[in-house]
Amino acid sequence: MVDFGARLKKLRQQKGMTQEMLAAELRVSKSVVSYYEMQARYPSPHIIKKLSAIFHVSADYLLGIERGEMLDLTGLDEEDIVTVKRMVEALRKKNEK
């Protein structure tokens, strides 16, 4: 969990949340969120799942295993999702050249 605390703080700030607000969503105390950000404590798998959902990133991203962020496709129908996937693949092919 190399950069977990820094990633969590960055995601929280990008979403305009205070530590208190995040703590309320996680149903933990503000001090627990502070400990996570300082890397004095590490969250349980259950909390990591909640953080992933709140910030629309993968658990791998939070844990520093994956470098990229995930796209939130909530609200898109299956046809839209297929279109987005095709666009991503086309951009990858373009950038390989």
# chains A, B, ... in the order shown; residues from 1 in each chain; ligands from 1

$ residues_around --residues "Lys30 of chain A" --least-positions-apart "5" --cutoff "7 Å" --atoms "only C-alpha atoms" --output "VMD selection string"
chain A and resid 19 to 20 23

$ residues_around --residues "Pro43 of chain A" --least-positions-apart "3" --cutoff "12 Å" --atoms "only C-alpha atoms" --output "VMD selection string"
chain A and resid 1 4 to 5 8 26 28 32 to 40 46 to 52 59 62 to 63

$ write_last_selection --atoms "N, CA and C atoms" --output "PDB file, in the first residue's frame"
ATOM      1  N   MET A   1       0.845  -1.184   0.000  1.00  0.00           N
ATOM      2  CA  MET A   1       0.000   0.000   0.000  1.00  0.00           C
ATOM      3  C   MET A   1       0.889   1.245   0.000  1.00  0.00           C
ATOM      4  N   PHE A   4      -1.085   4.693  -0.650  1.00  0.00           N
ATOM      5  CA  PHE A   4      -2.509   4.674  -0.334  1.00  0.00           C
ATOM      6  C   PHE A   4      -2.982   5.979   0.288  1.00  0.00           C
ATOM      7  N   GLY A   5      -2.289   6.453   1.314  1.00  0.00           N
ATOM      8  CA  GLY A   5      -2.716   7.665   2.021  1.00  0.00           C
ATOM      9  C   GLY A   5      -2.766   8.875   1.119  1.00  0.00           C
ATOM     10  N   LEU A   8      -5.680   8.486  -1.367  1.00  0.00           N
ATOM     11  CA  LEU A   8      -6.962   8.721  -0.706  1.00  0.00           C
ATOM     12  C   LEU A   8      -7.191  10.215  -0.493  1.00  0.00           C
ATOM     13  N   LEU A  26     -18.308   6.505   5.263  1.00  0.00           N
ATOM     14  CA  LEU A  26     -17.709   5.215   5.597  1.00  0.00           C
ATOM     15  C   LEU A  26     -18.215   4.666   6.927  1.00  0.00           C
ATOM     16  N   VAL A  28     -17.185   5.724   9.883  1.00  0.00           N
ATOM     17  CA  VAL A  28     -16.042   5.653  10.796  1.00  0.00           C
ATOM     18  C   VAL A  28     -15.825   7.063  11.344  1.00  0.00           C
ATOM     19  N   VAL A  32     -10.118   8.159  12.038  1.00  0.00           N
ATOM     20  CA  VAL A  32      -9.779   6.965  11.249  1.00  0.00           C
ATOM     21  C   VAL A  32      -9.386   7.375   9.834  1.00  0.00           C
ATOM     22  N   VAL A  33     -10.144   8.283   9.229  1.00  0.00           N
ATOM     23  CA  VAL A  33      -9.801   8.782   7.890  1.00  0.00           C
ATOM     24  C   VAL A  33      -8.439   9.459   7.926  1.00  0.00           C
ATOM     25  N   SER A  34      -8.188  10.245   8.955  1.00  0.00           N
ATOM     26  CA  SER A  34      -6.892  10.901   9.107  1.00  0.00           C
ATOM     27  C   SER A  34      -5.770   9.872   9.208  1.00  0.00           C
ATOM     28  N   TYR A  35      -5.981   8.819   9.977  1.00  0.00           N
ATOM     29  CA  TYR A  35      -4.977   7.756  10.102  1.00  0.00           C
ATOM     30  C   TYR A  35      -4.725   7.083   8.748  1.00  0.00           C
ATOM     31  N   TYR A  36      -5.790   6.859   7.974  1.00  0.00           N
ATOM     32  CA  TYR A  36      -5.619   6.269   6.639  1.00  0.00           C
ATOM     33  C   TYR A  36      -4.735   7.167   5.781  1.00  0.00           C
ATOM     34  N   GLU A  37      -5.021   8.465   5.800  1.00  0.00           N
ATOM     35  CA  GLU A  37      -4.275   9.400   4.958  1.00  0.00           C
ATOM     36  C   GLU A  37      -2.818   9.531   5.402  1.00  0.00           C
ATOM     37  N   MET A  38      -2.560   9.376   6.691  1.00  0.00           N
ATOM     38  CA  MET A  38      -1.181   9.441   7.207  1.00  0.00           C
ATOM     39  C   MET A  38      -0.486   8.078   7.111  1.00  0.00           C
ATOM     40  N   GLN A  39      -1.242   7.069   6.694  1.00  0.00           N
ATOM     41  CA  GLN A  39      -0.772   5.691   6.616  1.00  0.00           C
ATOM     42  C   GLN A  39      -0.359   5.144   7.971  1.00  0.00           C
ATOM     43  N   ALA A  40      -1.018   5.633   9.015  1.00  0.00           N
ATOM     44  CA  ALA A  40      -0.808   5.111  10.363  1.00  0.00           C
ATOM     45  C   ALA A  40      -1.667   3.869  10.590  1.00  0.00           C
ATOM     46  N   HIS A  46     -13.388  -4.398   3.403  1.00  0.00           N
ATOM     47  CA  HIS A  46     -14.746  -3.834   3.328  1.00  0.00           C
ATOM     48  C   HIS A  46     -14.688  -2.313   3.086  1.00  0.00           C
ATOM     49  N   ILE A  47     -13.807  -1.621   3.792  1.00  0.00           N
ATOM     50  CA  ILE A  47     -13.662  -0.168   3.632  1.00  0.00           C
ATOM     51  C   ILE A  47     -13.056   0.150   2.268  1.00  0.00           C
ATOM     52  N   ILE A  48     -12.117  -0.658   1.809  1.00  0.00           N
ATOM     53  CA  ILE A  48     -11.531  -0.437   0.475  1.00  0.00           C
ATOM     54  C   ILE A  48     -12.607  -0.531  -0.595  1.00  0.00           C
ATOM     55  N   LYS A  49     -13.514  -1.495  -0.461  1.00  0.00           N
ATOM     56  CA  LYS A  49     -14.631  -1.598  -1.413  1.00  0.00           C
ATOM     57  C   LYS A  49     -15.491  -0.340  -1.386  1.00  0.00           C
ATOM     58  N   LYS A  50     -15.784   0.159  -0.188  1.00  0.00           N
ATOM     59  CA  LYS A  50     -16.585   1.379  -0.063  1.00  0.00           C
ATOM     60  C   LYS A  50     -15.865   2.572  -0.705  1.00  0.00           C
ATOM     61  N   LEU A  51     -14.559   2.698  -0.451  1.00  0.00           N
ATOM     62  CA  LEU A  51     -13.787   3.803  -1.035  1.00  0.00           C
ATOM     63  C   LEU A  51     -13.789   3.720  -2.558  1.00  0.00           C
ATOM     64  N   SER A  52     -13.656   2.516  -3.079  1.00  0.00           N
ATOM     65  CA  SER A  52     -13.690   2.330  -4.534  1.00  0.00           C
ATOM     66  C   SER A  52     -15.010   2.827  -5.117  1.00  0.00           C
ATOM     67  N   ALA A  59     -10.045  -0.918  -6.607  1.00  0.00           N
ATOM     68  CA  ALA A  59      -9.276  -1.183  -5.389  1.00  0.00           C
ATOM     69  C   ALA A  59      -7.788  -1.240  -5.732  1.00  0.00           C
ATOM     70  N   LEU A  62      -6.427   2.229  -5.718  1.00  0.00           N
ATOM     71  CA  LEU A  62      -6.258   2.724  -4.346  1.00  0.00           C
ATOM     72  C   LEU A  62      -5.014   2.138  -3.685  1.00  0.00           C
ATOM     73  N   LEU A  63      -4.730   0.887  -3.979  1.00  0.00           N
ATOM     74  CA  LEU A  63      -3.619   0.194  -3.339  1.00  0.00           C
ATOM     75  C   LEU A  63      -2.293   0.379  -4.068  1.00  0.00           C
TER      76      LEU A  63
END

$ select_by_dssp --residues "segment 13-57 of chain A" --states "alpha helix (DSSP H)" --output "PyMOL selection string"
chain A and resi 13-14+19-26+30-38+45-55

$ atom_distance --atom1 "atom CA of Met21 of chain A" --atom2 "atom CA of Ile54 of chain A"
11.5 Å

$ closest_atom_pairs --of "segment 1-87 of chain A" --to "segment 92-95 of chain A" --cutoff "12 Å" --atoms "only C-alpha atoms" --output "JSON lines"
{"residue": "A:Lys85", "atom": "CA", "partner": "A:Arg92", "partner_atom": "CA", "distance": 10.7}
{"residue": "A:Arg86", "atom": "CA", "partner": "A:Arg92", "partner_atom": "CA", "distance": 9.9}
{"residue": "A:Met87", "atom": "CA", "partner": "A:Arg92", "partner_atom": "CA", "distance": 8.6}

$ write_last_selection --atoms "C-alpha atoms" --output "PDB file, in the first residue's frame"
ATOM      1  CA  LYS A  85     -14.712   0.540 -25.265  1.00  0.00           C
ATOM      2  CA  ARG A  86     -14.235   0.773 -29.042  1.00  0.00           C
ATOM      3  CA  MET A  87     -13.045   4.369 -28.741  1.00  0.00           C
TER       4      MET A  87
END

$ closest_residue --among "A:Pro45, A:Leu11, A:His56, A:Thr83" --to "Leu71 of chain A" --atoms "only C-alpha atoms"
A:His56

$ atom_distance --atom1 "atom CA of Arg7 of chain A" --atom2 "atom CA of Ile81 of chain A"
26.9 Å
